[in-house]
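The structure appears right after this line, and notes come after that.
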Amino acid sequence: MVTSRSTAAARPEGVSLRRRGPVLEKAILEATLDQLGSVGWNGLTMEGVAVGAQTGKAAVYRRWPSKEDLVADALQAGLPALDEAPDLGKVREDLYELCRRVRDVMYSKPGFALRAVLHECDAESAERFHDLIVTGVVEPSARLFSEVLQRGIARGEVRADANDDLVLDVIPAMLMYRSKVCASEWPDVEIADLIDRIMLPLLRV
C-alpha cells in the first residue's frame, strides 16, 4: 500500500501539486532552457528537466514525447523577437545597433540554448530544428539587415547592388564564426571593428 508519506518521498523535492496547465508547461520550458545552457544538448535529459521544473518525469513525457519535441517548443517560446530595424539616420549607426541587438539575442538564455543545439546535436536531430532556426533567427535578421541597407541605398550611402544575399550573410557568418571558433562574446569594440573595417568598405558607393 502506498502511503502519503511514501508518495511525498518519491516526489522531487519542492514540487507544487497546485501547478497545472500553462503554469507547469512554462516551468518545464524554462527548465529546458536552463539545462541546455548548463549541460548542453548532449547532457540534457527529460529527467533533468523534470527535476529543474520541480515536477515528475511523467508530466514532461505526457506533453513532449521526445527530447527534440521539448527543445523545439522551448526554443520557439523563448527566443526574443527581432521585430524592428533601428533607424538612426546613418547606415553605420544602424548596422552597429542592429549587431548589438543580435549579439544580445545570441547571449540571452534562449540564445545560449540555441547555440548548444547548433553546436552539439547530430545531423538527424539538427534537421528537426531547421525550420525553427530559419523562421525564428535567419529570416528575421536577414530582413532587418536588408532594411538597413535599403535605407542606406535611398540616402546614397550604400551602392545600389549591395543589398544581396552574399552581403547579407557577412555579419551573421562573422558573428557565428567568431563566437563558435574563437569564443568571442562580441564586445561592442569588436562589433564596431566589424562595421568599420569590413562592412562599410564593402557597402561604399
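Each chain in the C-alpha cells gets a letter, A, B and so on, in the order shown; residues start at 1 in every chain, and ligands are counted from 1 in the order they appear.
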Selection: 12 Å around A:Asp193, only C-alpha atoms, excl. self and same-chain fewer than 4 positions, as an MDAnalysis selection string: chainID A and resid 92 95:96 99 171 174 186:189 197:201
Write a file of the selected residues as a PDB file, in the first residue's frame, keeping C-alpha atoms.
```pdb
ATOM      1  CA  ARG A  92      26.959  52.807 -39.858  1.00  0.00           C
ATOM      2  CA  LEU A  95      24.311  48.381 -38.517  1.00  0.00           C
ATOM      3  CA  TYR A  96      26.132  48.849 -35.220  1.00  0.00           C
ATOM      4  CA  CYS A  99      24.514  43.946 -34.469  1.00  0.00           C
ATOM      5  CA  ILE A 171      27.614  39.816 -40.500  1.00  0.00           C
ATOM      6  CA  MET A 174      31.236  36.553 -38.813  1.00  0.00           C
ATOM      7  CA  TRP A 186      31.372  40.135 -29.305  1.00  0.00           C
ATOM      8  CA  PRO A 187      32.063  43.143 -27.104  1.00  0.00           C
ATOM      9  CA  ASP A 188      30.989  46.476 -28.547  1.00  0.00           C
ATOM     10  CA  VAL A 189      34.520  47.291 -29.748  1.00  0.00           C
ATOM     11  CA  ARG A 197      36.729  47.621 -41.294  1.00  0.00           C
ATOM     12  CA  ILE A 198      34.591  45.143 -43.211  1.00  0.00           C
ATOM     13  CA  MET A 199      31.030  46.271 -43.819  1.00  0.00           C
ATOM     14  CA  LEU A 200      31.462  49.964 -44.662  1.00  0.00           C
ATOM     15  CA  PRO A 201      34.223  49.356 -47.246  1.00  0.00           C
TER      16      PRO A 201
END
```
Could you state the separation of atom CA of A:Pro80 and atom CA of A:Phe112 in Å, given to one decimal place?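 Value for the atom CA of A:Pro80-atom CA of A:Phe112 distance: 12.0 Å.
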Alpha helix (DSSP H) positions in stretch 44-191 of chain A, given as a PyMOL selection string: chain A and resi 46-53+57-63+67-78+91-106+109-120+123-133+139-154+165-180+188-191
Taking 5 positions as the minimum chain separation for residues in the same chain, which residues sit within 8 Å of A:Val71 when counting only C-alpha atoms? Answer as JSON, numbers by chain. {"A": [29, 32, 33]}
Nearest residue to A:Gly52 from the set A:Leu98, A:Ala116, A:Cys182, A:Leu36 (distances using only C-alpha atoms):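 Between A:Leu98, A:Ala116, A:Cys182, A:Leu36, the residue approaching A:Gly52 most closely is A:Leu36.
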Determine, counting only C-alpha atoms, which protein, DNA and RNA residues have an atom within 9 Å of an atom of A:Glu120; residues of the same chain fewer than 5 positions away are not included. Present the result as a PyMOL selection string. chain A and resi 40-42+115+126
With N, CA and C atoms retained, write the just-selected residues as a PDB file, in the first residue's frame.
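And here's result.pdb as it stands now:
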```
ATOM      1  N   GLY A  40      24.218  21.566 -21.914  1.00  0.00           N
ATOM      2  CA  GLY A  40      24.241  21.400 -23.362  1.00  0.00           C
ATOM      3  C   GLY A  40      23.246  20.381 -23.864  1.00  0.00           C
ATOM      4  N   TRP A  41      23.208  20.260 -25.187  1.00  0.00           N
ATOM      5  CA  TRP A  41      22.292  19.323 -25.833  1.00  0.00           C
ATOM      6  C   TRP A  41      22.573  17.880 -25.414  1.00  0.00           C
ATOM      7  N   ASN A  42      23.843  17.490 -25.448  1.00  0.00           N
ATOM      8  CA  ASN A  42      24.183  16.098 -25.148  1.00  0.00           C
ATOM      9  C   ASN A  42      23.897  15.730 -23.703  1.00  0.00           C
ATOM     10  N   ARG A 115      22.459  27.880 -29.370  1.00  0.00           N
ATOM     11  CA  ARG A 115      23.828  27.585 -29.781  1.00  0.00           C
ATOM     12  C   ARG A 115      24.261  26.194 -29.328  1.00  0.00           C
ATOM     13  N   ALA A 126      19.477  17.785 -35.868  1.00  0.00           N
ATOM     14  CA  ALA A 126      19.514  19.166 -36.362  1.00  0.00           C
ATOM     15  C   ALA A 126      18.410  19.421 -37.381  1.00  0.00           C
TER      16      ALA A 126
END
```
Point-to-point distance in Å for atom CA of A:Gly37 and atom CA of A:Leu144: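 Result for atom CA of A:Leu144 versus atom CA of A:Gly37: 26.9 Å, one decimal.
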Considering only C-alpha atoms, return as number ranges by chain whatever protein or nucleic-acid residues lie within 10 Å of A:Ala85, sequence-local ones (same chain, fewer than 2 positions apart) excluded. A: 82-83, 87-88, 94-95, 97-98, 101, 140-141, 143-148
Store the residues picked out above in a file with all heavy atoms, as a tab-separated table (two decimals), in the first residue's frame.
```tsv
chain	number	residue	atom	x	y	z
A	82	LEU	N	13.13	39.68	-33.03
A	82	LEU	CA	13.80	40.81	-33.69
A	82	LEU	C	12.77	41.44	-34.62
A	82	LEU	O	12.60	41.03	-35.76
A	82	LEU	CB	15.01	40.31	-34.48
A	82	LEU	CG	16.23	39.88	-33.67
A	82	LEU	CD1	17.23	39.15	-34.56
A	82	LEU	CD2	16.88	41.09	-33.00
A	83	ASP	N	12.07	42.44	-34.11
A	83	ASP	CA	10.90	42.95	-34.81
A	83	ASP	C	11.16	44.18	-35.69
A	83	ASP	O	10.46	44.40	-36.66
A	83	ASP	CB	9.80	43.32	-33.80
A	83	ASP	CG	9.25	42.11	-33.08
A	83	ASP	OD1	9.21	41.04	-33.71
A	83	ASP	OD2	8.88	42.23	-31.91
A	87	ASP	N	16.66	52.88	-36.89
A	87	ASP	CA	16.70	53.92	-37.92
A	87	ASP	C	17.26	55.18	-37.28
A	87	ASP	O	16.53	56.06	-36.83
A	87	ASP	CB	15.30	54.16	-38.47
A	87	ASP	CG	15.31	55.11	-39.67
A	87	ASP	OD1	16.41	55.55	-40.07
A	87	ASP	OD2	14.22	55.42	-40.19
A	88	LEU	N	18.60	55.25	-37.27
A	88	LEU	CA	19.31	56.35	-36.60
A	88	LEU	C	19.85	57.37	-37.59
A	88	LEU	O	20.55	58.30	-37.19
A	88	LEU	CB	20.45	55.79	-35.74
A	88	LEU	CG	20.02	54.75	-34.69
A	88	LEU	CD1	21.24	54.15	-33.98
A	88	LEU	CD2	19.08	55.38	-33.68
A	94	ASP	N	23.11	52.38	-37.79
A	94	ASP	CA	22.05	51.37	-37.84
A	94	ASP	C	22.63	49.96	-37.77
A	94	ASP	O	22.12	49.09	-37.06
A	94	ASP	CB	21.23	51.52	-39.12
A	94	ASP	CG	20.36	52.77	-39.11
A	94	ASP	OD1	20.18	53.36	-38.04
A	94	ASP	OD2	19.86	53.14	-40.19
A	95	LEU	N	23.69	49.70	-38.54
A	95	LEU	CA	24.31	48.38	-38.52
A	95	LEU	C	24.89	48.06	-37.14
A	95	LEU	O	24.77	46.94	-36.64
A	95	LEU	CB	25.40	48.29	-39.59
A	95	LEU	CG	24.93	48.19	-41.03
A	95	LEU	CD1	26.12	48.27	-41.98
A	95	LEU	CD2	24.14	46.90	-41.28
A	97	GLU	N	23.96	49.23	-34.18
A	97	GLU	CA	22.91	48.97	-33.21
A	97	GLU	C	22.23	47.63	-33.47
A	97	GLU	O	21.92	46.88	-32.53
A	97	GLU	CB	21.87	50.10	-33.25
A	97	GLU	CG	20.70	49.90	-32.29
A	97	GLU	CD	21.10	49.78	-30.83
A	97	GLU	OE1	22.18	50.31	-30.45
A	97	GLU	OE2	20.34	49.16	-30.07
A	98	LEU	N	22.01	47.29	-34.73
A	98	LEU	CA	21.38	46.02	-35.05
A	98	LEU	C	22.28	44.85	-34.66
A	98	LEU	O	21.81	43.84	-34.13
A	98	LEU	CB	21.04	45.96	-36.54
A	98	LEU	CG	20.29	44.71	-37.02
A	98	LEU	CD1	19.06	44.44	-36.18
A	98	LEU	CD2	19.92	44.85	-38.49
A	101	ARG	N	21.96	44.25	-31.01
A	101	ARG	CA	20.71	43.56	-30.68
A	101	ARG	C	20.82	42.07	-30.98
A	101	ARG	O	20.36	41.23	-30.20
A	101	ARG	CB	19.54	44.17	-31.46
A	101	ARG	CG	19.22	45.60	-31.05
A	101	ARG	CD	18.02	46.13	-31.85
A	101	ARG	NE	17.83	47.55	-31.64
A	101	ARG	CZ	16.88	48.27	-32.22
A	101	ARG	NH1	16.04	47.68	-33.06
A	101	ARG	NH2	16.78	49.56	-32.00
A	140	PRO	N	14.36	36.55	-39.91
A	140	PRO	CA	14.16	37.88	-39.30
A	140	PRO	C	15.41	38.75	-39.32
A	140	PRO	O	15.32	39.95	-39.61
A	140	PRO	CB	13.74	37.53	-37.87
A	140	PRO	CG	13.18	36.16	-37.94
A	140	PRO	CD	13.98	35.46	-38.99
A	141	SER	N	16.57	38.18	-39.02
A	141	SER	CA	17.78	39.00	-39.01
A	141	SER	C	18.14	39.45	-40.42
A	141	SER	O	18.53	40.61	-40.62
A	141	SER	CB	18.94	38.24	-38.36
A	141	SER	OG	19.25	37.06	-39.07
A	143	ARG	N	16.10	39.99	-42.87
A	143	ARG	CA	15.13	41.03	-43.25
A	143	ARG	C	15.51	42.39	-42.66
A	143	ARG	O	15.46	43.42	-43.35
A	143	ARG	CB	13.74	40.64	-42.78
A	143	ARG	CG	12.67	41.71	-42.99
A	143	ARG	CD	11.31	41.24	-42.56
A	143	ARG	NE	11.28	40.80	-41.17
A	143	ARG	CZ	11.19	41.62	-40.12
A	143	ARG	NH1	11.14	42.93	-40.30
A	143	ARG	NH2	11.16	41.13	-38.90
A	144	LEU	N	15.96	42.40	-41.40
A	144	LEU	CA	16.31	43.67	-40.77
A	144	LEU	C	17.58	44.25	-41.35
A	144	LEU	O	17.68	45.46	-41.57
A	144	LEU	CB	16.44	43.47	-39.25
A	144	LEU	CG	15.17	43.04	-38.53
A	144	LEU	CD1	15.40	42.98	-37.02
A	144	LEU	CD2	14.00	43.98	-38.83
A	145	PHE	N	18.58	43.41	-41.59
A	145	PHE	CA	19.80	43.91	-42.23
A	145	PHE	C	19.49	44.44	-43.63
A	145	PHE	O	20.04	45.46	-44.06
A	145	PHE	CB	20.87	42.82	-42.30
A	145	PHE	CG	21.61	42.62	-41.00
A	145	PHE	CD1	21.49	41.44	-40.30
A	145	PHE	CD2	22.41	43.63	-40.49
A	145	PHE	CE1	22.16	41.26	-39.09
A	145	PHE	CE2	23.09	43.46	-39.28
A	145	PHE	CZ	22.96	42.26	-38.59
A	146	SER	N	18.60	43.77	-44.34
A	146	SER	CA	18.21	44.25	-45.67
A	146	SER	C	17.52	45.61	-45.59
A	146	SER	O	17.77	46.49	-46.43
A	146	SER	CB	17.29	43.22	-46.33
A	146	SER	OG	16.89	43.66	-47.61
A	147	GLU	N	16.66	45.80	-44.60
A	147	GLU	CA	16.00	47.10	-44.42
A	147	GLU	C	17.03	48.21	-44.19
A	147	GLU	O	16.90	49.32	-44.72
A	147	GLU	CB	15.03	47.04	-43.25
A	147	GLU	CG	13.76	46.25	-43.53
A	147	GLU	CD	12.84	46.22	-42.33
A	147	GLU	OE1	13.01	47.06	-41.42
A	147	GLU	OE2	11.93	45.36	-42.30
A	148	VAL	N	18.03	47.93	-43.36
A	148	VAL	CA	19.07	48.92	-43.08
A	148	VAL	C	19.80	49.29	-44.37
A	148	VAL	O	20.04	50.47	-44.66
A	148	VAL	CB	20.04	48.39	-42.02
A	148	VAL	CG1	21.29	49.27	-41.94
A	148	VAL	CG2	19.35	48.33	-40.65
```
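Nearest to A:Pro110 of all the residues A:Gly78, A:Gly43, A:Gly136, A:Gly89 is A:Gly78, counting only C-alpha atoms.
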To one decimal in Å, tell me the separation between atom CA of A:Val138 and atom CA of A:Asp164.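 One can read the atom CA of A:Val138 to atom CA of A:Asp164 distance as 14.6 Å.
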Which one is closest to A:Glu157: A:Leu202, A:Ala81, A:Ala173, A:Val134? Count only C-alpha atoms. A:Leu202
